[in-house]
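S.K.: Let me begin by handing over the structure; questions about it come next.
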Amino acid sequence: MVPREGCRASSFTDRTRLFEFSEKAAAQGFISDHINCFKGEGSHGVILFLYSLLFSRTLERVQEDLGGTAPLLSISSGNITCTEAVLSLMLTGRASPRELGGDREPGTDPI
């Protein structure tokens with residue numbers, strides 16, 4: 001993401017740039033070349049990973065997954081906590097807290 005003309009990039013998110021890859025090898029090469037952005041001291045690797053999950057799933061599908069009932073992050077007293085929906089997104093590819101919360105019939109596979 002690049003700030004709009006006339007705006008100054010003030011936060012990490014404002015300075016983040018989105019890259020798209022159509023081939024797995026190109027994505028792997030990019031990550032190898034920029035690994036310090038993910039694991040270096042003072043890096044924002046966890047945030048970049050979360051952004052990658054969101055953009056890979058697409059924001060529209062994440063909203064559908066959540067159904068307007070559950071947030072991805074919970075903010076309380078200045079602390080940010082990931083909800084079960086984030087864990088579900090990481091493990092199943094869907095941001096549905098119901099996937100991990102046991103709301104499904106036993107033995108059924110998610111759609």
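Identifiers in this document derive from the order of the structure tokens: chains are assigned A, B, ..., residues are numbered from 1 separately in each chain, and ligands are numbered from 1 in order of occurrence.
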Do you know which residues are at most 8 Å from Glu84 (chain A) counting only C-alpha atoms, after dropping those on the same chain fewer than 4 positions away, and could you put them as a ChimeraX atom specification?
M.R.: /A:72,88,96-97,100
S.K.: Write out the residues from the selection above, keeping N, CA and C atoms, as a PDB file, in the first residue's frame.
M.R.:
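Output contents, as saved in again33.pdb:
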```pdb
ATOM      1  N   LEU A  72     -11.839 -10.031  14.012  1.00  0.00           N
ATOM      2  CA  LEU A  72     -10.556 -10.736  13.936  1.00  0.00           C
ATOM      3  C   LEU A  72      -9.677 -10.394  15.125  1.00  0.00           C
ATOM      4  N   SER A  88      -8.315 -19.713  13.307  1.00  0.00           N
ATOM      5  CA  SER A  88      -8.998 -20.505  12.293  1.00  0.00           C
ATOM      6  C   SER A  88      -8.484 -20.166  10.894  1.00  0.00           C
ATOM      7  N   SER A  96     -13.370 -18.421  10.308  1.00  0.00           N
ATOM      8  CA  SER A  96     -14.604 -18.777  10.992  1.00  0.00           C
ATOM      9  C   SER A  96     -14.304 -19.355  12.367  1.00  0.00           C
ATOM     10  N   PRO A  97     -14.716 -18.662  13.428  1.00  0.00           N
ATOM     11  CA  PRO A  97     -14.478 -19.216  14.755  1.00  0.00           C
ATOM     12  C   PRO A  97     -15.259 -20.505  14.982  1.00  0.00           C
ATOM     13  N   LEU A 100     -13.344 -23.988  14.839  1.00  0.00           N
ATOM     14  CA  LEU A 100     -12.591 -24.485  15.987  1.00  0.00           C
ATOM     15  C   LEU A 100     -13.447 -24.590  17.243  1.00  0.00           C
TER      16      LEU A 100
END
```
S.K.: List as a list in words the protein and nucleic acid residues near Leu66 (chain A), meaning an atom at most 12 Å away when only C-alpha atoms are counted, but skip any in the same chain fewer than 2 places from it.
M.R.: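 In the requested form, the answer reads Leu59, Glu60, Arg61, Val62, Gln63, Glu64, Gly68, Thr69, Ala70, Pro71, Leu72, Leu73, Thr83, Glu84, Ala85, Val86, Ser88, Leu89, Arg94, Ala95, Ser96, Pro97, Arg98 and Glu99 of chain A.
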S.K.: To one decimal place, how far is CA of His44 (chain A) from CA of Phe21 (chain A) in Å?
M.R.: 20.6 Å
S.K.: Which residue is closest to Arg57 (chain A)? Choose from A:Thr13, A:Ser74, A:Thr92, A:Gln28 and count only C-alpha atoms.
M.R.: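 Closest to Arg57 (chain A) of all the choices is A:Thr92.
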S.K.: A:Asp65, A:Ser56, A:Ser22, A:Leu48: which is nearest His34 (chain A), counting only C-alpha atoms?
M.R.: A:Leu48
S.K.: Write down as JSON, numbers by chain the residues belonging to region 12-95 of chain A that are assigned alpha helix (DSSP H) by DSSP computed on the backbone.
M.R.: {"A": [12, 13, 14, 15, 24, 25, 26, 27, 28, 29, 30, 31, 32, 33, 36, 37, 38, 39, 45, 46, 47, 48, 49, 50, 51, 52, 53, 54, 55, 56, 57, 59, 60, 61, 62, 63, 64, 65, 66, 84, 85, 86, 87, 88, 89, 90, 91, 92]}
S.K.: Take the residues just selected and output them with C-alpha atoms as an mmCIF file, in the first residue's frame.
M.R.:
```
data_model
loop_
_atom_site.group_PDB
_atom_site.id
_atom_site.type_symbol
_atom_site.label_atom_id
_atom_site.label_comp_id
_atom_site.auth_asym_id
_atom_site.auth_seq_id
_atom_site.Cartn_x
_atom_site.Cartn_y
_atom_site.Cartn_z
ATOM 1 C CA PHE A 12 3.752 0.679 9.431
ATOM 2 C CA THR A 13 0.530 -0.091 7.556
ATOM 3 C CA ASP A 14 0.791 3.141 5.573
ATOM 4 C CA ARG A 15 4.278 2.163 4.424
ATOM 5 C CA LYS A 24 4.949 -20.184 -6.196
ATOM 6 C CA ALA A 25 8.635 -19.984 -7.165
ATOM 7 C CA ALA A 26 8.443 -16.204 -7.570
ATOM 8 C CA ALA A 27 6.851 -15.830 -4.121
ATOM 9 C CA GLN A 28 9.476 -18.096 -2.556
ATOM 10 C CA GLY A 29 12.275 -16.115 -4.193
ATOM 11 C CA PHE A 30 10.819 -12.829 -2.974
ATOM 12 C CA ILE A 31 10.504 -14.128 0.591
ATOM 13 C CA SER A 32 14.073 -15.466 0.516
ATOM 14 C CA ASP A 33 15.372 -12.119 -0.739
ATOM 15 C CA ASN A 36 14.729 -9.925 7.266
ATOM 16 C CA CYS A 37 11.441 -8.069 6.780
ATOM 17 C CA PHE A 38 9.819 -11.082 8.429
ATOM 18 C CA LYS A 39 12.307 -12.231 11.058
ATOM 19 C CA GLY A 45 6.784 -10.343 10.585
ATOM 20 C CA VAL A 46 3.628 -11.289 12.469
ATOM 21 C CA ILE A 47 1.721 -8.345 11.012
ATOM 22 C CA LEU A 48 3.009 -9.147 7.520
ATOM 23 C CA PHE A 49 1.928 -12.772 7.992
ATOM 24 C CA LEU A 50 -1.559 -11.659 9.066
ATOM 25 C CA TYR A 51 -1.804 -9.318 6.073
ATOM 26 C CA SER A 52 -0.710 -12.170 3.809
ATOM 27 C CA LEU A 53 -3.452 -14.398 5.225
ATOM 28 C CA LEU A 54 -6.093 -11.702 4.776
ATOM 29 C CA PHE A 55 -5.129 -10.787 1.226
ATOM 30 C CA SER A 56 -4.718 -14.432 0.173
ATOM 31 C CA ARG A 57 -8.238 -15.229 1.398
ATOM 32 C CA LEU A 59 -11.143 -9.289 2.418
ATOM 33 C CA GLU A 60 -14.572 -10.040 0.959
ATOM 34 C CA ARG A 61 -14.352 -13.751 1.772
ATOM 35 C CA VAL A 62 -13.011 -13.024 5.265
ATOM 36 C CA GLN A 63 -16.066 -10.815 5.877
ATOM 37 C CA GLU A 64 -18.312 -13.631 4.622
ATOM 38 C CA ASP A 65 -16.503 -16.097 6.913
ATOM 39 C CA LEU A 66 -17.086 -13.856 9.917
ATOM 40 C CA GLU A 84 -10.293 -17.543 17.477
ATOM 41 C CA ALA A 85 -11.196 -16.383 13.950
ATOM 42 C CA VAL A 86 -7.524 -15.485 13.307
ATOM 43 C CA LEU A 87 -6.391 -18.894 14.525
ATOM 44 C CA SER A 88 -8.998 -20.505 12.293
ATOM 45 C CA LEU A 89 -7.756 -18.446 9.328
ATOM 46 C CA MET A 90 -4.200 -19.650 9.960
ATOM 47 C CA LEU A 91 -5.130 -23.311 10.421
ATOM 48 C CA THR A 92 -8.040 -23.840 8.026
#
```
